[in-house]
$ cat target_25.tsv   # TSV, C-alpha atoms (C1' of nucleotides)
chain	number	residue	atom	x	y	z
P	28	MET	CA	69.63	49.19	-56.72
P	29	GLU	CA	69.11	50.43	-53.23
P	30	GLU	CA	67.87	47.95	-50.72
P	31	GLU	CA	65.05	49.03	-48.53
P	32	THR	CA	66.26	50.40	-45.27
P	33	SER	CA	63.32	49.22	-43.22
P	34	THR	CA	65.44	46.82	-41.25
P	35	SER	CA	63.09	46.50	-38.36
P	36	SER	CA	59.43	45.97	-37.80
P	37	SER	CA	57.86	46.57	-34.45
P	38	SER	CA	55.15	44.57	-32.80
P	39	ASP	CA	54.08	45.00	-29.20
P	40	ASP	CA	57.11	46.39	-27.45
P	41	GLN	CA	59.55	44.26	-29.39
P	42	THR	CA	61.38	45.13	-32.58
P	43	PHE	CA	62.34	42.55	-35.12
P	44	ASP	CA	65.18	42.77	-37.57
P	45	THR	CA	63.46	41.91	-40.81
P	46	GLY	CA	66.62	43.02	-42.59
P	47	SER	CA	68.44	39.94	-41.37
P	48	TRP	CA	65.42	37.83	-42.25
P	49	ILE	CA	65.61	39.08	-45.84
P	50	ILE	CA	69.26	38.08	-45.99
P	51	ALA	CA	68.41	34.63	-44.62
P	52	GLN	CA	65.66	34.22	-47.20
P	53	ASP	CA	68.03	35.22	-49.99
P	54	LEU	CA	70.66	32.72	-48.86
P	55	LEU	CA	68.20	29.84	-48.59
P	56	LYS	CA	66.67	30.78	-51.92
P	57	ARG	CA	69.87	29.77	-53.70
P	58	ARG	CA	69.15	26.15	-52.83
P	59	LEU	CA	65.68	26.11	-54.36
P	60	ILE	CA	64.92	23.38	-56.88
P	61	LEU	CA	62.00	24.25	-59.12
P	62	GLU	CA	61.58	20.95	-60.93
P	63	ASP	CA	60.53	17.44	-59.99
P	64	ASN	CA	63.30	15.99	-57.88
P	65	PHE	CA	61.91	12.57	-57.04
P	66	THR	CA	61.24	9.25	-58.72
P	67	TRP	CA	57.72	8.39	-57.73
P	68	ILE	CA	54.65	8.83	-59.92
P	69	ILE	CA	51.72	11.11	-59.20
P	70	PRO	CA	48.33	9.66	-60.15
P	71	THR	CA	46.25	11.68	-62.58
P	72	THR	CA	42.69	12.37	-61.58
P	73	THR	CA	40.09	11.46	-64.15
P	74	THR	CA	37.54	13.98	-65.24
P	75	THR	CA	34.70	12.28	-63.39
P	76	LYS	CA	34.68	13.07	-59.74
P	77	SER	CA	31.99	10.55	-58.88
P	78	SER	CA	34.51	8.33	-57.23
P	79	SER	CA	38.17	8.32	-56.42
P	80	GLN	CA	39.10	6.66	-59.64
P	81	PHE	CA	42.39	7.48	-61.19
P	82	PHE	CA	44.83	6.14	-63.68
P	83	VAL	CA	48.54	6.03	-64.00
P	84	LYS	CA	50.25	7.08	-67.15
P	85	GLU	CA	51.72	3.95	-68.62
P	86	ASP	CA	55.22	4.79	-69.58
P	87	ASP	CA	57.63	2.31	-71.11
P	88	ASP	CA	58.80	0.30	-68.18
P	89	ILE	CA	59.58	2.09	-65.01
P	90	ASP	CA	59.67	-0.61	-62.39
P	91	SER	CA	61.90	1.32	-60.07
P	92	ASN	CA	59.39	4.13	-59.93
P	93	GLU	CA	56.45	3.79	-57.63
P	94	LEU	CA	53.33	5.70	-56.95
P	95	ILE	CA	53.61	8.43	-54.38
P	96	ARG	CA	52.13	7.11	-51.19
P	97	TYR	CA	52.77	9.21	-48.09
P	98	VAL	CA	51.83	12.87	-48.36
P	99	GLY	CA	52.11	15.14	-45.35
P	100	GLY	CA	50.35	18.29	-44.26
P	101	VAL	CA	51.37	20.89	-41.69
P	102	ASP	CA	49.49	23.72	-40.03
P	103	LEU	CA	49.22	25.82	-36.89
P	104	SER	CA	46.10	26.66	-34.92
P	105	PHE	CA	45.96	29.51	-32.43
P	106	SER	CA	44.36	30.08	-29.07
P	107	LYS	CA	41.45	32.47	-29.14
P	108	ASP	CA	42.49	33.86	-25.77
P	109	ASP	CA	46.22	34.23	-26.39
P	110	SER	CA	47.27	34.56	-30.00
P	111	SER	CA	50.86	33.69	-29.12
P	112	ILE	CA	49.84	30.20	-27.99
P	113	ALA	CA	49.62	27.81	-30.91
P	114	CYS	CA	49.40	24.15	-31.72
P	115	ALA	CA	51.56	22.93	-34.56
P	116	SER	CA	50.61	19.74	-36.31
P	117	ILE	CA	51.92	17.32	-38.87
P	118	VAL	CA	49.80	14.60	-40.41
P	119	VAL	CA	50.66	12.02	-43.04
P	120	LEU	CA	48.06	10.46	-45.31
P	121	ASP	CA	48.41	7.17	-47.15
P	122	LEU	CA	47.14	7.70	-50.68
P	123	LEU	CA	46.83	3.94	-51.15
P	124	GLN	CA	44.38	3.59	-48.28
P	125	ILE	CA	40.98	5.10	-48.98
P	126	LYS	CA	38.42	4.83	-46.18
P	127	ASN	CA	34.69	4.28	-46.53
P	128	ASP	CA	34.03	8.01	-46.37
P	129	GLY	CA	36.32	8.53	-49.35
P	130	CYS	CA	39.09	10.16	-47.33
P	131	PHE	CA	42.64	8.92	-47.18
P	132	GLN	CA	43.81	7.09	-44.08
P	133	VAL	CA	45.84	9.16	-41.65
P	134	VAL	CA	48.84	7.01	-40.75
P	135	TYR	CA	50.80	9.49	-38.67
P	136	GLU	CA	50.00	12.54	-36.57
P	137	ASP	CA	51.97	14.58	-34.10
P	138	TYR	CA	51.43	17.86	-32.29
P	139	LYS	CA	53.30	20.42	-30.31
P	140	ILE	CA	51.88	23.31	-28.34
P	141	VAL	CA	54.19	26.28	-28.32
P	142	HIS	CA	54.40	29.87	-27.14
P	143	LEU	CA	55.42	31.86	-30.21
P	144	GLN	CA	57.73	34.80	-29.59
P	145	ILE	CA	57.75	36.09	-33.14
P	146	PRO	CA	54.69	37.90	-34.52
P	147	TYR	CA	53.08	37.43	-37.89
P	148	ILE	CA	54.54	39.96	-40.27
P	149	PRO	CA	53.30	39.74	-43.88
P	150	GLY	CA	56.08	38.34	-46.00
P	151	PHE	CA	57.83	36.72	-43.04
P	152	LEU	CA	55.44	33.99	-41.98
P	153	ALA	CA	58.21	31.39	-42.10
P	154	PHE	CA	60.12	32.98	-39.25
P	155	ARG	CA	57.09	32.57	-37.03
P	156	GLU	CA	55.88	29.13	-38.06
P	157	ALA	CA	58.75	27.20	-39.62
P	158	PRO	CA	60.82	26.43	-36.49
P	159	VAL	CA	58.20	24.32	-34.73
P	160	LEU	CA	57.21	22.61	-37.97
P	161	LEU	CA	60.85	21.73	-38.59
P	162	GLU	CA	60.95	20.22	-35.11
P	163	LEU	CA	58.05	17.94	-35.94
P	164	LEU	CA	59.72	16.86	-39.18
P	165	GLU	CA	63.08	16.31	-37.51
P	166	LYS	CA	61.43	14.19	-34.84
P	167	MET	CA	60.00	11.93	-37.52
P	168	LYS	CA	63.34	11.58	-39.20
P	169	HIS	CA	65.11	10.98	-35.91
P	170	GLU	CA	62.73	8.21	-34.99
P	171	CYS	CA	63.09	6.73	-38.47
P	172	SER	CA	59.34	6.82	-39.01
P	173	PRO	CA	58.32	4.72	-42.02
P	174	PHE	CA	55.74	7.40	-42.78
P	175	TYR	CA	58.13	10.27	-43.37
P	176	PRO	CA	56.30	12.20	-46.11
P	177	GLN	CA	57.45	12.00	-49.72
P	178	CYS	CA	55.90	15.39	-50.25
P	179	LEU	CA	54.63	18.02	-47.84
P	180	MET	CA	51.71	20.37	-48.32
P	181	VAL	CA	52.11	23.61	-46.43
P	182	ASP	CA	49.47	26.03	-45.25
P	183	GLY	CA	51.05	29.08	-46.84
P	184	ASN	CA	52.65	30.09	-50.08
P	185	GLY	CA	55.73	28.90	-51.93
P	186	LEU	CA	57.06	30.97	-54.78
P	187	LEU	CA	53.93	33.09	-54.61
P	188	HIS	CA	55.60	35.48	-52.26
P	189	PRO	CA	56.49	39.18	-52.41
P	190	ARG	CA	58.74	41.51	-50.59
P	191	GLY	CA	58.82	45.17	-49.79
P	192	ASN	CA	57.45	47.88	-52.02
P	193	TRP	CA	56.47	45.88	-55.04
P	194	ARG	CA	55.27	48.82	-57.09
P	195	ARG	CA	58.54	50.59	-56.75
P	196	CYS	CA	60.32	47.44	-57.86
P	197	ILE	CA	58.37	47.43	-61.10
P	198	GLU	CA	58.94	51.09	-61.72
P	199	PHE	CA	62.67	50.65	-61.41
P	200	PHE	CA	62.77	47.46	-63.44
P	201	HIS	CA	64.38	45.68	-60.59
P	202	PHE	CA	61.53	43.35	-59.91
P	203	VAL	CA	63.51	40.29	-60.94
P	204	MET	CA	66.26	41.05	-58.47
P	205	ASN	CA	64.03	42.27	-55.73
P	206	SER	CA	61.30	39.70	-55.81
P	207	LEU	CA	62.01	37.18	-53.14
P	208	ARG	CA	59.61	34.45	-54.10
P	209	PHE	CA	60.38	32.53	-50.97
P	210	GLY	CA	57.39	31.80	-48.77
P	211	LEU	CA	56.90	29.35	-45.91
P	212	ALA	CA	56.64	26.34	-48.22
P	213	CYS	CA	59.98	27.17	-49.85
P	214	PHE	CA	61.55	27.80	-46.48
P	215	LEU	CA	60.44	24.45	-45.09
P	216	GLY	CA	61.33	22.63	-48.27
P	217	VAL	CA	64.90	23.90	-48.39
P	218	THR	CA	65.63	23.67	-44.67
P	219	ALA	CA	64.16	20.16	-44.35
P	220	ASP	CA	65.25	19.11	-47.85
P	221	ILE	CA	61.82	17.77	-48.75
P	222	PRO	CA	59.50	18.38	-51.70
P	223	THR	CA	56.87	20.95	-50.70
P	224	ILE	CA	53.77	22.55	-52.14
P	225	GLY	CA	52.34	25.87	-50.95
P	226	ILE	CA	48.59	26.05	-50.43
P	227	GLY	CA	47.09	29.50	-49.92
P	228	LYS	CA	43.46	30.07	-49.05
P	229	ASN	CA	43.85	33.76	-49.76
P	230	LEU	CA	46.00	35.49	-52.34
P	231	HIS	CA	49.01	37.39	-51.16
P	232	HIS	CA	48.93	40.31	-53.59
P	233	VAL	CA	52.00	40.21	-55.80
P	234	ASP	CA	53.06	41.61	-59.16
P	235	GLY	CA	49.68	43.13	-59.97
P	236	LEU	CA	47.73	40.04	-58.99
P	237	THR	CA	44.73	40.69	-56.78
P	238	GLN	CA	42.13	38.43	-55.25
P	239	SER	CA	39.32	40.42	-56.86
P	240	GLY	CA	41.12	40.32	-60.19
P	241	VAL	CA	41.44	36.55	-60.05
P	242	ARG	CA	37.79	36.26	-59.08
P	243	GLU	CA	36.67	38.39	-61.98
P	244	PHE	CA	38.79	36.36	-64.32
P	245	LEU	CA	37.34	33.08	-63.09
P	246	GLU	CA	33.80	34.36	-63.39
P	247	ALA	CA	34.21	35.75	-66.89
P	248	GLU	CA	32.17	34.12	-69.64
P	249	GLU	CA	35.18	32.69	-71.39
P	250	ASN	CA	36.61	31.16	-68.25
P	251	CYS	CA	33.57	29.98	-66.35
P	252	SER	CA	34.21	26.45	-67.50
P	253	LYS	CA	37.84	26.47	-66.49
P	254	ASP	CA	38.80	25.38	-63.02
P	255	LEU	CA	42.43	26.40	-63.25
P	256	ILE	CA	44.10	29.63	-64.17
P	257	THR	CA	47.80	30.27	-64.19
P	258	LEU	CA	48.79	33.23	-62.09
P	259	THR	CA	50.87	35.35	-64.43
P	260	GLY	CA	51.83	38.71	-63.00
P	261	CYS	CA	52.08	41.91	-64.97
P	262	SER	CA	55.82	41.29	-65.22
P	263	GLY	CA	55.11	38.10	-67.15
P	264	ARG	CA	56.29	35.85	-64.36
P	265	ILE	CA	54.32	32.78	-63.37
P	266	TRP	CA	53.70	32.68	-59.64
P	267	GLY	CA	51.46	29.65	-59.30
P	268	ALA	CA	47.87	28.78	-60.07
P	269	ALA	CA	44.40	29.53	-58.80
P	270	LEU	CA	42.40	26.33	-58.62
P	271	ARG	CA	38.71	25.70	-58.17
P	272	SER	CA	39.32	22.45	-56.38
P	273	THR	CA	35.74	21.22	-56.11
P	274	ASN	CA	32.77	21.25	-58.43
P	275	ASP	CA	30.93	24.04	-56.69
P	276	SER	CA	33.67	26.10	-55.13
P	277	LEU	CA	33.55	29.72	-56.20
P	278	LYS	CA	36.55	30.70	-54.14
P	279	PRO	CA	39.77	29.18	-55.48
P	280	ILE	CA	42.83	28.00	-53.62
P	281	TYR	CA	46.25	29.29	-54.56
P	282	VAL	CA	48.84	26.66	-55.40
P	283	SER	CA	52.51	27.48	-55.70
P	284	ILE	CA	55.75	25.58	-55.80
P	285	GLY	CA	57.66	25.08	-52.62
P	286	HIS	CA	60.74	22.98	-53.38
P	287	ARG	CA	61.79	20.00	-55.50
P	288	ILE	CA	58.56	19.82	-57.50
P	289	SER	CA	57.22	21.41	-60.67
P	290	LEU	CA	54.03	23.43	-60.78
P	291	GLU	CA	52.45	20.86	-63.07
P	292	SER	CA	53.15	18.02	-60.65
P	293	ALA	CA	52.05	20.11	-57.70
P	294	ILE	CA	48.70	20.77	-59.35
P	295	LYS	CA	48.29	17.07	-60.13
P	296	LEU	CA	48.91	16.10	-56.53
P	297	VAL	CA	46.67	18.83	-55.18
P	298	ARG	CA	43.87	17.76	-57.49
P	299	PHE	CA	44.26	14.15	-56.46
P	300	THR	CA	44.04	14.95	-52.76
P	301	CYS	CA	41.16	17.42	-52.93
P	302	LYS	CA	37.95	15.97	-51.61
P	303	TYR	CA	36.97	19.42	-50.36
P	304	ARG	CA	38.24	22.86	-51.21
P	305	VAL	CA	41.50	22.47	-49.34
P	306	PRO	CA	43.58	19.34	-50.09
P	307	GLU	CA	43.21	16.64	-47.45
P	308	PRO	CA	46.71	16.76	-45.96
P	309	VAL	CA	46.39	20.44	-45.10
P	310	ARG	CA	42.75	20.10	-44.13
P	311	GLN	CA	43.45	17.28	-41.71
P	312	ALA	CA	46.39	19.14	-40.21
P	313	ASP	CA	44.12	22.14	-39.76
P	314	ILE	CA	41.22	20.27	-38.15
P	315	ARG	CA	43.36	18.10	-35.91
P	316	SER	CA	45.63	20.86	-34.66
P	317	ARG	CA	42.56	22.86	-33.63
P	318	ASN	CA	41.07	19.87	-31.82
P	319	PHE	CA	44.34	19.05	-30.10
P	320	LEU	CA	44.73	22.61	-28.89
P	321	GLN	CA	41.21	22.78	-27.49
P	322	LYS	CA	41.62	19.50	-25.62
P	323	ASN	CA	45.07	20.15	-24.25
P	324	GLN	CA	45.40	23.87	-23.75
P	325	GLY	CA	44.07	23.64	-20.22
P	326	ILE	CA	46.38	20.90	-19.05
P	327	MET	CA	49.57	22.46	-20.32
K	15	DG	C1'	51.17	59.88	-47.64
K	16	DC	C1'	47.91	55.94	-48.28
K	17	DG	C1'	46.62	51.35	-49.03
K	18	DA	C1'	47.88	46.31	-49.42
K	19	DC	C1'	49.78	42.58	-47.00
K	20	DA	C1'	50.05	34.16	-46.81
K	21	DG	C1'	48.90	32.83	-41.44
J	18	DA	C1'	45.03	33.07	-37.50
J	19	DT	C1'	40.32	33.89	-34.44
J	20	DC	C1'	35.51	35.88	-33.05
J	21	DT	C1'	30.54	34.55	-34.83
J	22	DT	C1'	24.21	32.52	-36.57
J	23	DG	C1'	21.93	30.72	-39.29
J	24	DT	C1'	21.28	28.39	-43.32
J	25	DC	C1'	21.17	25.65	-47.61
J	26	DG	C1'	21.98	20.99	-49.20
J	27	DC	C1'	23.41	15.92	-49.65
$ encode --input "target_25.tsv" --output "structure tokens"
Amino acid sequence: MEEETSTSSSSDDQTFDTGSWIIAQDLLKRRLILEDNFTWIIPTTTTTKSSSQFFVKEDDDIDSNELIRYVGGVDLSFSKDDSSIACASIVVLDLLQIKNDGCFQVVYEDYKIVHLQIPYIPGFLAFREAPVLLELLEKMKHECSPFYPQCLMVDGNGLLHPRGNWRRCIEFFHFVMNSLRFGLACFLGVTADIPTIGIGKNLHHVDGLTQSGVREFLEAEENCSKDLITLTGCSGRIWGAALRSTNDSLKPIYVSIGHRISLESAIKLVRFTCKYRVPEPVRQADIRSRNFLQKNQGIM
DNA sequence: GCGACAG
DNA sequence: ATCTTGTCGC
């Protein structure tokens, strides 16, 4: 199987060696864990969404296991004037503390404004955004924060991730070997050794899956009552799930596995933390990073 | 060759 | 990602 020879991608006057990035992704991919790799319990949301009621599956006797409590979210916001200036954020929510407005209490937040040198290239988001996010995580660990997240929700995909000329891959029956399936959430999960979930607000087209196709499927007669569809590509592979996270949301979010968690558990946790379309950890990281940037861009 | 392409 | 007006609804 010949590897694609497009080893560089140009942006501005710089060239970037995406060939070495592909190698890095392949190396890190070997460490991926695609099943639950933790001991805590994820609450199951009840069918009624009137309040934040939930129940815990009562297994035999699992005293050592506890409910998941601290869930993090990370995101970057960008300057409207200079798209290379960004504010990275990490927030941690306490799922055991629900405020009057129904949202979870934010128990930790941190920000860093950076000047990004690497452009956004589809398929290589991690090389642009992961370094500063890793810094924020490492800082927490270094300071022994009691709020270090048990699971991290990432603004970007996990396994739902393509590479190169996908069509050609299918034609040559090499799609299994050539599909990277290693997005930002996987990258962060492996490099920080933390369970991660990828949250996409738009679908990165992969394996025959298209945003319009998913929309049609969700709006079909037979599926209009369903709020979740598994994203199975034309190769038969499962990439993640499209989820109508709120009662009235027409546009789904795209959930995929990052690291050390199963798709089933990821969906449970996403459902539990969705007060609006985007799960609260990611939503708070998004809102707060934008606010922080606007208030501090001038004085930095 | 052309279009598609998370954030 | 960001630029944008109004607008419908709880």
$ atom_distance --input "target_25.tsv" --atom1 "CA of Glu93 in chain P" --atom2 "CA of Phe65 in chain P"
10.4 Å
$ interface_residues --input "target_25.tsv" --of "chain J" --to "chain P" --cutoff "12 Å" --atoms "all atoms listed in the file" --output "ChimeraX atom specification"
/J:18-20
$ interface_residues --input "target_25.tsv" --of "chain P" --to "chain K" --cutoff "8 Å" --atoms "all atoms listed in the file" --output "list in words"
Tyr147, Pro149, Gly150, Leu152, Asp182, Gly183, Asn184, His188, Gly210, Gly227, Asn229, Leu230, His231 and His232 of chain P
$ atom_distance --input "target_25.tsv" --atom1 "CA of Val118 in chain P" --atom2 "CA of Val141 in chain P"
17.4 Å
$ atom_distance --input "target_25.tsv" --atom1 "CA of Asp102 in chain P" --atom2 "CA of Leu61 in chain P"
22.8 Å
$ residues_near_point --input "target_25.tsv" --point "(25.5, 10.5, -47.7)" --cutoff "12 Å" --atoms "all atoms listed in the file" --output "PyMOL selection string"
(chain P and resi 127-129) or (chain J and resi 26-27)
